[in-house]
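The next block is protein-v4.cif, given as mmCIF, C-alpha atoms.
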data_data
#
loop_
_atom_site.label_atom_id
_atom_site.label_comp_id
_atom_site.auth_asym_id
_atom_site.auth_seq_id
_atom_site.Cartn_x
_atom_site.Cartn_y
_atom_site.Cartn_z
CA MET K 1 -26.62 20.37 14.47
CA ILE K 2 -25.72 19.49 10.87
CA PRO K 3 -22.00 19.99 10.12
CA GLY K 4 -21.34 22.86 7.69
CA LYS K 5 -17.99 23.78 6.16
CA HIS K 6 -16.54 25.22 9.38
CA GLU K 7 -17.88 22.35 11.44
CA GLN K 8 -16.31 19.89 8.99
CA GLU K 9 -12.94 21.56 9.48
CA ALA K 10 -13.44 21.40 13.24
CA LEU K 11 -14.31 17.72 12.96
CA ARG K 12 -11.20 17.09 10.89
CA GLU K 13 -9.03 18.78 13.49
CA ILE K 14 -10.60 16.75 16.32
CA LEU K 15 -10.11 13.46 14.48
CA ARG K 16 -6.56 14.40 13.45
CA ARG K 17 -5.61 15.15 17.04
CA ALA K 18 -7.31 12.01 18.31
CA ARG K 19 -5.25 10.03 15.84
CA GLN K 20 -2.02 11.70 16.91
CA GLU K 21 -2.87 10.80 20.48
CA LYS K 22 -2.85 7.12 19.51
CA GLU K 23 0.91 7.41 18.92
CA ASN K 24 1.49 8.06 22.64
CA LEU K 25 0.07 4.71 23.72
CA GLU K 26 2.86 2.56 25.21
CA ILE K 27 3.69 -0.85 23.76
CA GLY K 28 5.79 -3.52 25.52
CA ASP K 29 9.28 -4.64 24.39
CA GLN K 30 8.56 -8.34 23.92
CA TRP K 31 7.43 -8.00 20.33
CA GLN K 32 10.97 -7.31 19.03
CA GLU K 33 12.16 -10.64 20.50
CA ALA K 34 9.19 -12.34 18.88
CA VAL K 35 10.18 -10.82 15.50
CA MET K 36 13.75 -12.13 15.76
CA ARG K 37 12.45 -15.55 16.88
CA ARG K 38 10.17 -15.75 13.85
CA ILE K 39 12.99 -14.62 11.55
CA ARG K 40 15.44 -17.19 12.96
CA GLU K 41 12.79 -19.89 12.50
CA PHE K 42 12.40 -18.74 8.91
CA GLY K 43 16.17 -19.07 8.37
CA PRO K 44 18.52 -17.27 5.96
CA ILE K 45 16.94 -15.78 2.87
CA GLU K 46 18.39 -16.49 -0.52
CA ALA K 47 18.94 -13.65 -2.91
CA LYS K 48 17.30 -15.61 -5.69
CA PRO K 49 15.48 -13.35 -8.15
CA GLY K 50 11.78 -14.05 -8.51
CA PHE K 51 10.25 -15.79 -11.49
CA LEU K 52 9.18 -12.53 -13.16
CA LEU K 53 12.63 -11.00 -12.76
CA MET K 54 14.30 -14.10 -14.21
CA PHE K 55 11.83 -14.16 -17.08
CA GLU K 56 12.44 -10.48 -17.79
CA GLN K 57 16.23 -10.97 -17.83
CA PHE K 58 15.83 -14.01 -20.08
CA VAL K 59 13.61 -12.11 -22.52
CA TRP K 60 16.05 -9.20 -22.81
CA ARG K 61 19.03 -11.52 -23.27
CA LEU K 62 17.25 -13.20 -26.15
CA ALA K 63 16.05 -9.97 -27.75
CA PRO K 64 19.03 -9.48 -30.19
CA VAL K 65 18.92 -13.15 -31.19
CA THR K 66 15.17 -12.86 -31.79
CA CYS K 67 15.67 -9.75 -33.96
CA LEU K 68 18.34 -11.48 -36.05
CA LEU K 69 16.12 -14.54 -36.38
CA ILE K 70 13.16 -12.43 -37.55
CA LEU K 71 15.36 -10.59 -40.07
CA GLY K 72 16.85 -13.85 -41.41
CA LEU K 73 13.45 -15.50 -41.70
CA THR K 74 12.03 -12.45 -43.49
CA VAL K 75 14.83 -12.56 -46.09
CA LEU K 76 14.52 -16.33 -46.46
CA LEU K 77 10.74 -16.30 -46.80
CA SER K 78 10.73 -13.43 -49.27
CA SER K 79 13.27 -15.21 -51.48
CA VAL K 80 12.01 -18.80 -51.09
CA ILE K 81 8.24 -18.45 -50.98
CA PHE K 82 7.23 -15.21 -52.65
CA THR K 83 9.72 -15.26 -55.53
CA PRO K 84 8.76 -18.78 -56.70
CA GLY K 85 5.14 -17.69 -56.44
CA TYR K 86 5.84 -14.81 -58.74
CA ASP K 87 7.86 -17.13 -61.02
CA THR K 88 5.04 -19.68 -61.04
CA ILE K 89 2.56 -17.05 -62.22
CA GLN K 90 5.01 -16.01 -64.89
CA LEU K 91 5.43 -19.64 -65.97
CA LEU K 92 1.66 -20.13 -66.05
CA MET K 93 1.28 -17.04 -68.19
CA ASN K 94 4.07 -18.12 -70.54
CA GLY K 95 2.91 -21.73 -70.97
CA SER K 96 1.92 -24.25 -68.36
CA GLU K 97 3.14 -27.26 -70.44
CA GLU K 98 6.75 -26.33 -69.57
CA LEU K 99 6.14 -26.24 -65.84
CA THR K 100 8.14 -28.92 -64.11
CA LEU K 101 8.54 -29.78 -60.49
CA VAL K 102 12.09 -28.47 -60.56
CA GLN K 103 10.94 -25.11 -61.91
CA PHE K 104 8.04 -24.97 -59.48
CA LEU K 105 10.35 -25.36 -56.48
CA GLY K 106 12.73 -22.76 -57.89
CA LEU K 107 15.68 -25.19 -58.02
CA MET W 1 25.11 10.57 10.31
CA ASP W 2 23.50 12.24 7.26
CA THR W 3 20.72 10.68 5.24
CA GLU W 4 22.97 9.49 2.43
CA SER W 5 25.51 7.74 4.64
CA GLN W 6 22.59 6.35 6.65
CA SER W 7 21.12 4.84 3.49
CA LEU W 8 24.49 3.34 2.59
CA ALA W 9 24.83 1.86 6.08
CA ASP W 10 21.34 0.37 5.78
CA ALA W 11 22.16 -1.03 2.35
CA GLU W 12 25.30 -2.69 3.79
CA ILE W 13 23.24 -4.32 6.55
CA VAL W 14 20.68 -5.50 4.01
CA LEU W 15 23.50 -7.05 2.01
CA GLN W 16 24.77 -8.84 5.12
CA VAL W 17 21.31 -10.21 5.90
CA VAL W 18 20.75 -11.34 2.33
CA SER W 19 24.17 -13.03 2.40
CA GLY W 20 22.92 -15.21 5.25
CA ASP W 21 23.66 -13.22 8.44
CA VAL W 22 20.18 -13.41 9.98
CA ASN W 23 21.24 -11.69 13.23
CA ALA W 24 22.26 -8.53 11.35
CA PHE W 25 18.54 -7.87 10.86
CA GLU W 26 18.29 -6.99 14.55
CA TYR W 27 20.20 -3.78 13.80
CA LEU W 28 17.51 -2.71 11.29
CA LEU W 29 14.78 -3.78 13.71
CA LYS W 30 16.21 -1.62 16.53
CA ARG W 31 16.87 1.35 14.27
CA TYR W 32 13.39 1.45 12.72
CA GLN W 33 11.11 -0.04 15.39
CA SER W 34 9.85 3.35 16.62
CA HIS W 35 9.22 4.51 13.04
CA VAL W 36 7.22 1.38 12.23
CA LEU W 37 5.35 1.51 15.54
CA ARG W 38 4.33 5.11 14.85
CA ILE W 39 2.79 4.09 11.51
CA VAL W 40 1.11 0.97 12.89
CA LYS W 41 -0.30 2.73 15.97
CA ARG W 42 -2.01 5.30 13.76
CA HIS W 43 -3.76 2.70 11.61
CA MET W 44 -4.42 -0.17 14.01
CA PRO W 45 -6.54 -0.70 17.11
CA PHE W 46 -4.27 -0.76 20.20
CA ASP W 47 -4.62 -4.51 20.84
CA LYS W 48 -3.41 -5.34 17.32
CA VAL W 49 -0.35 -3.07 17.20
CA GLU W 50 2.24 -5.61 18.43
CA GLU W 51 0.97 -8.35 16.13
CA VAL W 52 0.96 -6.11 13.05
CA ALA W 53 4.37 -4.55 13.88
CA GLN W 54 5.81 -8.09 14.01
CA ASP W 55 4.24 -8.88 10.66
CA VAL W 56 5.75 -5.72 9.15
CA PHE W 57 9.30 -6.73 10.09
CA VAL W 58 8.85 -10.37 9.07
CA ARG W 59 7.44 -9.24 5.73
CA ALA W 60 10.32 -6.78 5.32
CA TYR W 61 12.81 -9.55 6.07
CA GLN W 62 11.26 -11.83 3.46
CA SER W 63 11.23 -9.01 0.90
CA LEU W 64 14.85 -7.90 1.47
CA PRO W 65 16.12 -9.45 -1.80
CA THR W 66 13.85 -7.03 -3.69
CA PHE W 67 15.24 -3.96 -1.88
CA LYS W 68 17.23 -1.76 -4.27
CA ARG W 69 20.52 -0.44 -2.88
CA ASN W 70 19.90 3.16 -3.99
CA ASP W 71 16.44 3.38 -2.39
CA SER W 72 15.78 4.74 1.09
CA PHE W 73 15.28 1.84 3.48
CA LYS W 74 13.05 3.97 5.70
CA GLN W 75 10.73 4.80 2.81
CA TRP W 76 10.72 1.19 1.66
CA LEU W 77 9.84 0.03 5.17
CA SER W 78 7.10 2.69 5.48
CA THR W 79 5.48 1.28 2.34
CA ILE W 80 5.61 -2.25 3.76
CA ALA W 81 4.18 -1.04 7.09
CA THR W 82 1.30 0.84 5.43
CA ARG W 83 0.48 -2.06 3.12
CA THR W 84 0.54 -4.53 6.03
CA CYS W 85 -2.03 -2.34 7.84
CA PHE W 86 -4.04 -2.12 4.62
CA ASP W 87 -3.98 -5.94 4.29
CA PHE W 88 -5.08 -6.27 7.92
CA TRP W 89 -8.15 -4.12 7.28
CA ARG W 90 -8.99 -5.87 4.01
CA LYS W 91 -8.89 -9.23 5.81
CA HIS W 92 -10.77 -7.82 8.78
CA TYR W 93 -13.59 -6.36 6.65
CA ARG W 94 -13.95 -9.69 4.81
CA SER W 95 -14.24 -11.74 8.01
CA ARG W 96 -15.43 -9.02 10.44
CA GLU W 97 -13.71 -10.76 13.36
CA LEU W 98 -13.84 -7.61 15.50
CA PRO W 99 -17.26 -6.34 16.54
CA MET W 100 -18.31 -3.00 15.08
CA SER W 101 -17.83 -0.30 17.69
CA SER W 102 -20.87 1.63 18.87
CA LEU W 103 -21.33 5.07 20.38
CA SER W 104 -23.27 6.13 23.40
CA GLU W 105 -25.29 9.30 23.83
CA LYS W 106 -22.34 10.67 25.83
CA HIS W 107 -20.12 10.55 22.71
CA GLN W 108 -22.72 12.29 20.59
CA VAL W 109 -23.16 15.09 23.09
CA TRP W 110 -19.40 15.44 23.40
CA LEU W 111 -18.90 15.67 19.62
CA GLU W 112 -21.68 18.22 19.25
CA GLN W 113 -20.03 20.41 21.87
CA ALA W 114 -16.54 19.90 20.46
CA ILE W 115 -17.60 20.91 16.94
CA SER W 116 -19.49 23.94 18.22
CA ASN W 117 -16.46 25.23 20.14
CA ARG W 118 -13.72 25.76 17.58
CA SER W 119 -10.90 27.59 19.38
CA SER W 120 -7.50 25.92 19.00
CA GLN W 121 -7.08 25.76 22.78
CA THR W 122 -10.27 23.74 23.02
CA PHE W 123 -9.10 21.42 20.24
CA HIS W 124 -5.98 20.71 22.22
CA GLU W 125 -7.95 19.95 25.34
CA ILE W 126 -10.64 17.89 23.74
CA GLY W 127 -8.30 16.10 21.33
CA SER W 128 -6.69 14.24 24.18
CA GLN W 129 -9.98 12.86 25.41
CA GLU W 130 -10.85 9.24 24.98
CA GLU W 131 -14.17 10.13 23.37
CA ALA W 132 -12.34 11.56 20.35
CA ARG W 133 -10.50 8.27 19.77
CA GLU W 134 -13.67 6.24 20.16
CA ILE W 135 -15.57 8.47 17.74
CA LEU W 136 -12.70 8.17 15.25
CA ASP W 137 -12.74 4.35 15.48
CA TRP W 138 -16.52 4.32 15.21
CA ALA W 139 -16.53 6.51 12.10
CA LEU W 140 -13.67 4.61 10.39
CA ASP W 141 -15.43 1.32 11.10
CA ARG W 142 -18.20 2.43 8.77
CA LEU W 143 -15.89 2.77 5.76
CA SER W 144 -14.39 0.10 3.53
CA ALA W 145 -10.72 -0.91 3.96
CA GLU W 146 -9.63 1.21 0.96
CA GLU W 147 -11.70 4.21 2.03
CA ARG W 148 -10.39 3.95 5.56
CA MET W 149 -6.72 3.91 4.53
CA VAL W 150 -7.13 6.68 1.95
CA LEU W 151 -9.05 8.87 4.40
CA GLU W 152 -6.40 8.40 7.07
CA LEU W 153 -3.49 9.12 4.74
CA VAL W 154 -4.94 12.00 2.72
CA TYR W 155 -7.50 13.65 4.99
CA LEU W 156 -5.96 13.08 8.41
CA GLU W 157 -2.21 12.80 7.75
CA GLY W 158 -2.06 15.25 4.84
CA HIS W 159 -0.23 13.01 2.35
CA SER W 160 -0.57 13.92 -1.32
CA VAL W 161 -2.61 11.73 -3.68
CA LYS W 162 0.61 10.53 -5.36
CA GLU W 163 2.26 9.61 -2.04
CA THR W 164 -0.85 7.76 -0.92
CA ALA W 165 -1.08 5.90 -4.20
CA ASP W 166 2.57 4.82 -3.86
CA LEU W 167 2.12 3.76 -0.24
CA LEU W 168 -0.98 1.68 -0.93
CA GLY W 169 -0.08 0.43 -4.40
CA LEU W 170 -3.20 1.99 -5.95
CA SER W 171 -3.54 4.26 -8.99
CA THR W 172 -3.73 8.03 -8.40
CA ALA W 173 -7.18 8.12 -10.03
CA ASN W 174 -8.40 5.45 -7.64
CA VAL W 175 -7.03 7.36 -4.63
CA LYS W 176 -8.70 10.59 -5.82
CA VAL W 177 -12.08 8.90 -6.15
CA ARG W 178 -11.79 7.07 -2.84
CA SER W 179 -10.60 10.19 -1.07
CA PHE W 180 -13.67 12.10 -2.22
CA ARG W 181 -16.07 9.25 -1.43
CA SER W 182 -14.61 8.48 1.99
CA ARG W 183 -14.74 12.13 3.06
CA LYS W 184 -18.34 12.36 1.92
CA LYS W 185 -19.20 9.14 3.73
CA LEU W 186 -17.49 10.28 6.93
CA HIS W 187 -19.44 13.54 6.96
CA LYS W 188 -22.62 11.60 6.27
CA VAL W 189 -22.19 9.20 9.21
CA ILE W 190 -21.29 12.05 11.55
CA LYS W 191 -24.26 14.05 10.31
CA GLU W 192 -26.60 11.10 10.86
CA MET W 193 -25.21 10.59 14.34
CA LEU W 194 -25.70 14.25 15.22
CA LEU W 195 -29.21 14.27 13.76
CA ALA W 196 -30.07 11.21 15.83
CA GLN W 197 -28.73 13.03 18.88
CA GLY W 198 -30.79 16.11 17.98
CA GLY W 199 -33.89 13.92 17.68
CA ARG W 200 -33.26 12.38 21.08
CA THR W 201 -32.72 15.78 22.68
CA ASP W 202 -35.97 17.06 21.17
CA ASP W 203 -37.87 13.99 22.43
CA SER W 204 -36.61 14.46 25.95
CA ARG W 205 -37.84 18.06 26.06
#

Take the structure from the file and write it as structure tokens.
Amino acid sequence: MIPGKHEQEALREILRRARQEKENLEIGDQWQEAVMRRIREFGPIEAKPGFLLMFEQFVWRLAPVTCLLILGLTVLLSSVIFTPGYDTIQLLMNGSEELTLVQFLGL
Amino acid sequence: MDTESQSLADAEIVLQVVSGDVNAFEYLLKRYQSHVLRIVKRHMPFDKVEEVAQDVFVRAYQSLPTFKRNDSFKQWLSTIATRTCFDFWRKHYRSRELPMSSLSEKHQVWLEQAISNRSSQTFHEIGSQEEAREILDWALDRLSAEERMVLELVYLEGHSVKETADLLGLSTANVKVRSFRSRKKLHKVIKEMLLAQGGRTDDSR
């Protein structure tokens, strides 16, 4: 017989009940003692956070500092690098013979 | 004691254990041993139940620092128990240390009759028979570790896809696919077994 839809449901019910029956099998009491023995051998656990947790906390603590740093660097770079670049082009257009090192560095 | 005060009591014990009082763990062990055993018995062969139940509690003990106070300890422990069983089967399928179970003609005849007779009274009577358990183990042996666990949780225990995904640490999409495949595979192996039985019966006529 090839299982059809009804037979599949019947099969499911049989297997489900067989599985429930497994719960009634009796187990001895020695295993609990073995657990406590293994745990005592292991010793007290320390509530140290794992590496990932520590890293995550570290990252979030540094987030405001990082934002301020990025903002500061953006302002600094835009005033120190890009402005002299613009000035240099202006100087080149106006007359390169007047370009000095002091002017080039924007000092 | 209601569920909320129970959770608070559990959280207090967890705190004691994490603070260094190893013996306080015995309280959690005694309170939840039957719950863990029920989960382990469903997923494991009988001779492995004690060993895996021990592993569940040792693993829970080692993971206590990650337990969140507001979570349900019972639910947290259920996840650890299910994943320990899952790990057992993954390891077992890689090494195949247990021999694959086989079925006799007696099992095949029994299953054929059981499927044909579908009254609930008959289910109750036949469900308690040893043949049913042996057929279940035989069929599950032919699936992969993931398929086996998903089939047991979704198809046989009636957990939702989301619950199963949380218990096993898989994505819901993965559980959906495996649930479909494992069911299909189960029906296929049963069908093949019954066809083989049909062939044998025809030959003997």

Run the PyMOL selection byres ((chain W) within 6 of (chain K)) on the file and write out the hits as a PDB file with C-alpha atoms, in the frame of the given file.
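Written file, expr08.pdb:
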ATOM      1  CA  VAL W  18      20.750 -11.340   2.330  1.00  0.00           C
ATOM      2  CA  GLY W  20      22.920 -15.210   5.250  1.00  0.00           C
ATOM      3  CA  VAL W  22      20.180 -13.410   9.980  1.00  0.00           C
ATOM      4  CA  ARG W  38       4.330   5.110  14.850  1.00  0.00           C
ATOM      5  CA  LYS W  41      -0.300   2.730  15.970  1.00  0.00           C
ATOM      6  CA  GLN W  54       5.810  -8.090  14.010  1.00  0.00           C
ATOM      7  CA  PRO W  65      16.120  -9.450  -1.800  1.00  0.00           C
ATOM      8  CA  ILE W 115     -17.600  20.910  16.940  1.00  0.00           C
ATOM      9  CA  GLY W 127      -8.300  16.100  21.330  1.00  0.00           C
ATOM     10  CA  ALA W 132     -12.340  11.560  20.350  1.00  0.00           C
ATOM     11  CA  ARG W 133     -10.500   8.270  19.770  1.00  0.00           C
ATOM     12  CA  LEU W 136     -12.700   8.170  15.250  1.00  0.00           C
ATOM     13  CA  LEU W 156      -5.960  13.080   8.410  1.00  0.00           C
ATOM     14  CA  LYS W 191     -24.260  14.050  10.310  1.00  0.00           C
TER      15      LYS W 191
END

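In this structure, CA of Glu192 in chain W sits 22.0 Å away from CA of Glu146 in chain W.
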
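The coordinates place CA of Asp55 in chain W at 19.1 Å from CA of Arg94 in chain W.
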
Extract, using only C-alpha atoms, all DNA, RNA and protein residues at most 8 Å from range 67-84 of chain W, discarding same-chain residues fewer than 5 positions from it, and format them as a ChimeraX atom specification.
/W:7-8,10-11,32,36,39-40,52-53,55-56,59-60,166-169

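Taking CA of Arg31 in chain W and CA of Ala165 in chain W as the two end points, the separation is 26.2 Å.
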
Between W:Val161, W:Leu195, W:Leu28, W:Val154, smallest distance to Arg183 in chain W by only C-alpha atoms belongs to W:Val154

Name every residue that the PyMOL selection byres ((chain W and resi 180) around 12) selects in this structure, writing the answer as a PyMOL selection string with chains first and numbers rising.
chain W and resi 147-148+150-151+154-155+161+173-179+181-187
